[in-house]
Amino acid sequence: MKFFVQVMPREVLLDSEGRAVQELLQEKKFPVTSVRVGKWIEVQVDQDNEATAKKMVEDLAQKIFSNPLIETFKVFGDKT
Amino acid sequence: MKFFVQVMPREVLLDSEGRAVQELLQEKKFPVTSVRVGKWIEVQVDQDNEATAKKMVEDLAQKIFSNPLIETFKVFGDKT
Amino acid sequence: MSRKTQVGVIRFPGTNCDQDVFSWVQREGLNAKWIWHRDSFSDQEFDLVILPGGFSYGDYLRSGALAAQSKAVESLISHVKKGRHVLGICNGFQILCEAKLLPGALVTNQSLRFQDDWVDVRVENTGPVCAKVEKSQKYKLPIAHKMGRFFAPADDLKKIQDSDQVWLRYEKNPNGSLDNIAGIWNAEKTVCALMPHPERASLEWMGSQDGKAFL
Amino acid sequence: MIFSEKLKKYRMNQSEYDLAKKLVGRDLKEIEWPLFSALWSEHCSYKTSKNHLRKFSYRNSRTPNIDGENAGLVDLGNQERIVFKMESHNHPSFIEPFQGAATGVGGILRDIFTMGARPIALANYLCFGEPGADRMRDLIDGVVKGISSYGNCVGVPTVTGQTEFHPEYNKNILVNAMAVGLLTGDEKLALSRGQTAGSLVVYVGAKTGKDGVHGASMASESFGEDSEAKKPNVQIGDPFYEKLLIEACLEVIHQDLVLAIQDMGAAGLTSSSFEMASKSQMGLELRLDQVPIRDSSLTPEEILLSESQERMLLMCEPAKFDQIQKLFHRWGLEASILGKVIPEKLVKIYWHNELLTEIDPDLLVENAPRYDRAFEIPTRRLKIEKQNLNESQIKEKFLSFFAQPRFWNRSPIYRQYDQRVGTRTMKDATQSVAFLKLPSQRELAIAVGCRPEIFKQDVLLGSYDAVFYPALQMAIKGAKVLALTDCLNFGNPEKKDIMGEFALSVASIAEAAKVLDAPVISGNVSFYNETDQKGIPPTPAIGAVGLREAKTEIPSDQFQKENLKVYSLQIPFVTVESNSINIENLRKYLWQILLLGEKINFASSKMVGKGGTLWTLLQMSQDGVGITLQTQNIGQLCQEDFYRVIVAISPEQEKQFQELLKDGLFKNSFELLGTTKNNSFQITQNLKWNLQELRMKHKTSAQEVFGEFL
Ligand SMILES: Nc1ncnc2c1ncn2[C@@H]1O[C@H](COP(=O)(O)OP(=O)(O)O)[C@@H](O)[C@H]1O
Ligand SMILES: [Mg+2]
C-alpha cells in the first residue's frame, strides 16, 4: 500500500530555497509571484489494513518526516 | 494561478535520501518496503491564460526546478 | 576522593567528528568512552555525554532528524532526566533539537551554502556544563556547517531569551541565525549545544586554543 | 545487431576486435563484448599512455614499488606511511557537475582506503571556461557544491587546490581530485592481490543499479554531436554510505580479515574482478546472480558494467567471512559472497548456474592493445619580454586584474569545504601550501600545480614548472617535497601534436621529479578532453606532498606584523636575460632556500605567481597588514617571473640574512622591497591605495558566480 507525505516549510522565512528560486525567477522576469519548496515522500507499506497503515504513516510524518516547529505535513493515500 | 510541481529522483538512479530513511525505518521494524524522497514545489503565477501559465511552469520545471538527468517531474494545476 | 569525569561520546552512522572529540576529551584529562548509536546506556554511567559533529544519516530529511530516533538518544533522554550533563556540537546541536532536548531548530544557512569560517562568539549565560567558559568573554572558534541557522517561533524565542537560555551569540552573524544565536541551554541548564567546533580550536597549531575552555 | 553497429556500441575498432578474436581463438560471445569494451578502453587499459608512463619508474628508498596498486605509497619513517593519488572526473562533471564532481571525490577516496589507509586530506585542481560561457556559471557552482557536499559529509577535509579560468575550457572543464591517506604503526597495507585458491570473493557496499553503465568507454571518447545521447550515464554518489564503507573497510583490513581488496571504479565489477585475478595469476568464479541489485531488470551485462558508487570487492579466507559480515552489519552494510578463487587462471562468469563465459583474465588485462601513437614534439618556446612600466601603466594594469576571473578571489570556493574535520589542519586553503599535523608531530605539506597558460606557450617549461612551482612553494615554508602524483589531462591522442604534448610533458615531469628526488608514485591519464575537434591546452596537474620537520612556526602567506623587512629573491630559472632552462641549477636554489629557512625565520613567504610581484604583495596583504615599498625598481612589478620569492623577516635578523645571501647563490639577485605596514599599500609616493578598499575589491571579485557569499 502506498502513501504520499507532503512536507512544507511553515513560514517564508524558513523556506530559503523557495525564496532563492523565487528571486532568481523574478530577476529573470518570469511572471511568478511566489515559490515554495517542500518535500514529497512516497512510502510503500507492507500492511493490509488501510486504516492501520495510514495511522502509521501519519505518525511517521509527524515524528520523523517533519518537524512541527518549522514544517507542516499532509498525508495522502494512493487514490487521493 | 497556482501550480504544483512534483520532482522525484529517476527510478533507475539511486535515491540516496530515500535509501537512508528506508533503512532506518526498517531497522526500527516499521513495515515499510520502500521510501522515496523528492520535492514538492508550489508556484504562484501572475498570468491569466491558464494554458500559457501551465506551459511556463512546465518549462521551469524542466529547466530550473528539476535536473532532467537525475530527476523526473510532474506539473499539476490547482484543481487536479 | 574525586573521580575523573566520565564522558560518553556518541557515534551515529555518519558522525565524523567523533575521533576529534574523543581525543580532545582525553587530552583534557577526562575519561572518554564510546557510545554506539544502537546501544542503550545507563543513566548512572556518564557525567557528561557529548554528541559530536558530522552528518549523522547523511543529514537526510533534516539534519539530526534520523539520529534523534536512535536507541542511544532514548537513553540520553533518561540521562537528562537524571540531571546529568549533555554537550552537543554542530550536528550534535541539530540532533538535540530534533530530540526535543533543546528548543528550536537549525535550518539551512542564509547563503544556502556550506560555510567554513572562523567566528567570534560571546558568552551570554553560563551554566554547569562547560563551566570553564566565562560570561561576557569572546571565544574564537571555527564553524563548518550548512544547516546552522538557529530558528525558533516567536514565543519560544522569547522564552529562550527571558529564561537566560541563550548561551553563545555570534559577534558577526555568519548564517542568518535568529538573534545571532550560536549556542543555547535547556531550561534546566543541564544540556547545551553550539554550532562552532571547540575541539578544532584546542591546540596551539590549530589557529586558536579558545576551545579548550569548553571542557 | 549487425557487426559494425556492435563495434560502434562497444566502442571498439576492427583491429581491436581482430586482436580479441585471435587471443580468444574464436568470435566473441555476447557477454565478452562488454568485457573487452570496458577493459580495453583507454580509461582502463592506458593503451595509448602506457609506453610513456614507464618514464615515471624512478623510485627512492622512501617509495617502495607497489605499481599496479590503487595508489602510491611513501614511507615517512616514524611508523608513518602515506598513500595518495589524483584522479580526473572531467567528462561526468561536464555532463552533470554536482554528481560528477561528487563521485570524483568518492572514487579517489576509495582508491585510498582500499589500501587500508585512512583518508586525511583532499585537494582539487579545477579548470573552468570563461564564466560567461554557455552553462559555465552552473558548472562552476555545481562542481564546487559537489566536491563540498561529498568531502564534507565523509569527513575528510579539503585543504588546498587550484582553480583556473580560461576560454579553452569552455566546452571541456577539468575536475581533478586528489586524496591523501595515512597508515600509522603496524597498520596493514592492503593490496589488490594476495588471495589464495579457495578464498571467497565478497561484494560489499551499495547495491548495483544501472548508473554509469558504459562509463569507462564513454570517458575514452571526445564530446561531439551525440553527447545528448550519453546523458543517461550519470552516477549518483552517497557520501553517507561512503563514510560507512570507509569505517567498515578499515576495520576489516586492520583486523587482518581480508587477503585482497579493490574498489569498483571505472567499469565496475568487471575491472575489479579481472584485475584482481590477473594480478594474482589466479582464476575466479563469479556468480552474477548473487550481486545485490537495486533493480530487478538488470541484465548480466549491466551488472558487469554498472558504475554504481560505493562498492568494493574483497577476497577472504572462508573462515573469516562471518566476522567480516558481522562487522559490515554493524555499520549497516551488506557483504555478499559472489564466488570463490580458483587455481586455474580463468574467470568463470555464471548467471543462475549457466556458465556465460570462462576466459583468461590476462587476455583482457595484460594483453590489451598497446599503441605507440605517432607524435610530434612541440617546439614552441615562451618568449619572455622584459616589462618596463611607468607608474600610470602599473596602475592601469594592476587595476585591470580585479575584473579578470584569473585573479578572482578563490575563497568562495574553499570556504564551502570543511577544511578542519579530522583536527589535523594547520594551514588551510588560505595558504599556498596546506599543512597537516602528523601523529609524530611532523608536518605534512600538500600543494597542487600546473599553470596552463604556460603550457600554451611552452610545454617543456610548463612541465618543469608544474613540478618545481609547488616544490618551491613548499621550500619557502620549510618543507621538502617527497613525492608526486599526477593527473594528465590532454586532448585527443590520435592527433600527432597532442600526442607530442603528452610525450614531452611526461618526459619532462619525470625528469624534474628525478632531479628533485620526488618520485611520481601514482597518477591518472585523461585523454579526449576535446569537443568538436577542439582540445584543451596540455594540463598535466601535479599533486605534491612534502614533509616539514622544523620545530619553528610555518611562515604564513600573509603579513602578520608591521615593520618586517620584505625581500625578494630572484631565481635565475628562465630569466629575461637568458631564455635557457636548467633544472639542475634550479634544484640548487631550492636547497639554498631550505637552508636559509633553517637559519632565518621567515615570518611570511610567498612565490610570485600570476600578476607578478605586485599582485603577490596584494595577496600577502590580505590580513590587513600591507607594505610600503622602498625599491626604486618598479618597472617589472607586474612581470610574472620564473621564479621570484618574497619573504618577510624581522629587522633583527636582517643583517644575518643579508650576510647569508651575499655568501650564497642569491648574492646578485636579492633586493629589499620594503617594510610591512598596517593598512598600507604604497608603491611610490604617487602610487598608493587604501588597502581596506583593495581587499574589499578582491574579496567581492567572484560575486558574478557566487553571489554575495563572501
Ligand atoms: N579548487 C580549490 N580548492 C581548494 N582550494 C583552492 C581551490 N582553488 C584555489 N584554492 C586555494 O585558494 C588559494 C588562493 O588561490 P590563488 O588565488 O590561485 O592564489 P595563489 O597564487 O596563492 O595560489 C590557494 O592557496 C588555494 O589553496
Ligand atoms: Mg595556488
# chains A, B, ... in the order shown; residues from 1 in each chain; ligands from 1
>>> interface_residues(of="chain C", to="chain B", cutoff="12 Å", atoms="only C-alpha atoms", output="count of residues only")
20
>>> interface_residues(of="chain C", to="chain D", cutoff="10 Å", atoms="only C-alpha atoms", output="PyMOL selection string")
chain C and resi 12-21+23-24+36+38+53-60+110-117+142-146+197+199-207
>>> select_by_dssp(residues="chain B", states="alpha helix (DSSP H)", output="list of chain:residue names")
B:Ser16, B:Glu17, B:Gly18, B:Arg19, B:Ala20, B:Val21, B:Gln22, B:Glu23, B:Leu24, B:Leu25, B:Gln26, B:Glu27, B:Glu50, B:Ala51, B:Thr52, B:Ala53, B:Lys54, B:Lys55, B:Met56, B:Val57, B:Glu58, B:Asp59, B:Leu60
>>> write_last_selection(atoms="N, CA and C atoms", output="mmCIF file, in the first residue's frame")
data_model
loop_
_atom_site.group_PDB
_atom_site.id
_atom_site.type_symbol
_atom_site.label_atom_id
_atom_site.label_comp_id
_atom_site.auth_asym_id
_atom_site.auth_seq_id
_atom_site.Cartn_x
_atom_site.Cartn_y
_atom_site.Cartn_z
ATOM 1 N N SER B 16 19.505 8.378 -2.750
ATOM 2 C CA SER B 16 20.284 8.121 -1.530
ATOM 3 C C SER B 16 19.526 8.531 -0.278
ATOM 4 N N GLU B 17 18.752 9.595 -0.390
ATOM 5 C CA GLU B 17 17.996 10.035 0.776
ATOM 6 C C GLU B 17 16.924 9.003 1.136
ATOM 7 N N GLY B 18 16.198 8.565 0.112
ATOM 8 C CA GLY B 18 15.168 7.553 0.337
ATOM 9 C C GLY B 18 15.761 6.295 0.947
ATOM 10 N N ARG B 19 16.923 5.898 0.432
ATOM 11 C CA ARG B 19 17.552 4.683 0.953
ATOM 12 C C ARG B 19 17.864 4.814 2.444
ATOM 13 N N ALA B 20 18.418 5.950 2.829
ATOM 14 C CA ALA B 20 18.795 6.127 4.237
ATOM 15 C C ALA B 20 17.558 6.085 5.140
ATOM 16 N N VAL B 21 16.485 6.762 4.699
ATOM 17 C CA VAL B 21 15.272 6.795 5.514
ATOM 18 C C VAL B 21 14.669 5.386 5.599
ATOM 19 N N GLN B 22 14.603 4.744 4.446
ATOM 20 C CA GLN B 22 14.029 3.391 4.395
ATOM 21 C C GLN B 22 14.793 2.438 5.313
ATOM 22 N N GLU B 23 16.110 2.479 5.233
ATOM 23 C CA GLU B 23 16.892 1.543 6.055
ATOM 24 C C GLU B 23 16.714 1.807 7.543
ATOM 25 N N LEU B 24 16.617 3.075 7.905
ATOM 26 C CA LEU B 24 16.410 3.375 9.316
ATOM 27 C C LEU B 24 15.047 2.855 9.781
ATOM 28 N N LEU B 25 14.017 3.089 8.964
ATOM 29 C CA LEU B 25 12.677 2.645 9.359
ATOM 30 C C LEU B 25 12.623 1.124 9.452
ATOM 31 N N GLN B 26 13.297 0.466 8.518
ATOM 32 C CA GLN B 26 13.298 -0.990 8.557
ATOM 33 C C GLN B 26 14.040 -1.495 9.781
ATOM 34 N N GLU B 27 15.132 -0.816 10.123
ATOM 35 C CA GLU B 27 15.863 -1.230 11.314
ATOM 36 C C GLU B 27 14.976 -1.088 12.549
ATOM 37 N N GLU B 50 -4.568 30.233 -18.623
ATOM 38 C CA GLU B 50 -4.134 29.022 -17.935
ATOM 39 C C GLU B 50 -3.143 28.210 -18.762
ATOM 40 N N ALA B 51 -3.439 28.089 -20.044
ATOM 41 C CA ALA B 51 -2.574 27.281 -20.903
ATOM 42 C C ALA B 51 -1.158 27.867 -20.952
ATOM 43 N N THR B 52 -1.082 29.181 -21.142
ATOM 44 C CA THR B 52 0.232 29.835 -21.184
ATOM 45 C C THR B 52 0.972 29.635 -19.872
ATOM 46 N N ALA B 53 0.213 29.832 -18.787
ATOM 47 C CA ALA B 53 0.823 29.706 -17.468
ATOM 48 C C ALA B 53 1.369 28.294 -17.272
ATOM 49 N N LYS B 54 0.548 27.328 -17.627
ATOM 50 C CA LYS B 54 0.964 25.941 -17.415
ATOM 51 C C LYS B 54 2.199 25.615 -18.240
ATOM 52 N N LYS B 55 2.184 26.119 -19.455
ATOM 53 C CA LYS B 55 3.334 25.900 -20.343
ATOM 54 C C LYS B 55 4.606 26.451 -19.684
ATOM 55 N N MET B 56 4.469 27.640 -19.120
ATOM 56 C CA MET B 56 5.637 28.249 -18.490
ATOM 57 C C MET B 56 6.121 27.421 -17.291
ATOM 58 N N VAL B 57 5.166 26.994 -16.485
ATOM 59 C CA VAL B 57 5.561 26.209 -15.303
ATOM 60 C C VAL B 57 6.226 24.903 -15.742
ATOM 61 N N GLU B 58 5.691 24.311 -16.801
ATOM 62 C CA GLU B 58 6.318 23.077 -17.288
ATOM 63 C C GLU B 58 7.752 23.326 -17.737
ATOM 64 N N ASP B 59 7.916 24.457 -18.358
ATOM 65 C CA ASP B 59 9.254 24.858 -18.797
ATOM 66 C C ASP B 59 10.201 25.044 -17.625
ATOM 67 N N LEU B 60 9.693 25.752 -16.620
ATOM 68 C CA LEU B 60 10.501 25.992 -15.417
ATOM 69 C C LEU B 60 10.825 24.674 -14.725
#
>>> residues_near_ligand(ligand="ligand 2", cutoff="9 Å", atoms="only C-alpha atoms and all ligand atoms", output="list of chain:residue names")
D:Thr160, D:Gly161, D:Gln162, D:Thr163, D:Ala429, D:Gln431, D:Ser432, D:Val433, D:Ala447, D:Val448, D:Gly449, D:Pro470, D:Gln473, D:Gly609
>>> atom_distance(atom1="atom CA of Ile571 of chain D", atom2="atom CA of Asp557 of chain D")
19.0 Å
>>> interface_residues(of="chain B", to="chain A", cutoff="8 Å", atoms="only C-alpha atoms", output="ChimeraX atom specification")
/B:6-8,31-47
>>> write_last_selection(atoms="C-alpha atoms", output="PDB file, in the first residue's frame")
ATOM      1  CA  GLN B   6       6.400  17.212  -8.037  1.00  0.00           C
ATOM      2  CA  VAL B   7      10.048  16.302  -8.579  1.00  0.00           C
ATOM      3  CA  MET B   8      11.254  12.758  -7.921  1.00  0.00           C
ATOM      4  CA  PRO B  31       6.574  -2.463   7.970  1.00  0.00           C
ATOM      5  CA  VAL B  32       7.886  -0.176   5.260  1.00  0.00           C
ATOM      6  CA  THR B  33       9.162  -1.645   1.993  1.00  0.00           C
ATOM      7  CA  SER B  34      10.280   1.468   0.172  1.00  0.00           C
ATOM      8  CA  VAL B  35      10.751   5.168   0.757  1.00  0.00           C
ATOM      9  CA  ARG B  36      11.472   7.720  -1.925  1.00  0.00           C
ATOM     10  CA  VAL B  37      12.102  11.349  -1.235  1.00  0.00           C
ATOM     11  CA  GLY B  38      11.515  14.102  -3.749  1.00  0.00           C
ATOM     12  CA  LYS B  39      10.458  17.716  -3.843  1.00  0.00           C
ATOM     13  CA  TRP B  40       7.107  19.460  -3.877  1.00  0.00           C
ATOM     14  CA  ILE B  41       7.088  22.947  -5.282  1.00  0.00           C
ATOM     15  CA  GLU B  42       4.214  25.416  -5.226  1.00  0.00           C
ATOM     16  CA  VAL B  43       4.355  28.175  -7.795  1.00  0.00           C
ATOM     17  CA  GLN B  44       2.077  31.174  -7.860  1.00  0.00           C
ATOM     18  CA  VAL B  45       1.873  32.653 -11.348  1.00  0.00           C
ATOM     19  CA  ASP B  46       0.695  36.096 -12.337  1.00  0.00           C
ATOM     20  CA  GLN B  47      -0.819  35.176 -15.685  1.00  0.00           C
TER      21      GLN B  47
END
>>> residues_around(residues="segment 155-172 of chain C", least_positions_apart="3", cutoff="12 Å", atoms="only C-alpha atoms", output="VMD selection string")
(chain A and resid 69) or (chain C and resid 87 102 to 105 117 to 131 133 to 143 148 to 152 175 to 196 214)
>>> select_by_dssp(residues="segment 21-210 of chain C", states="strand (DSSP E or B)", output="ChimeraX atom specification")
/C:31-36,48-51,54,85-89,105-107,115-123,138-145,149-151,166-170,181-185,191-194,203,208
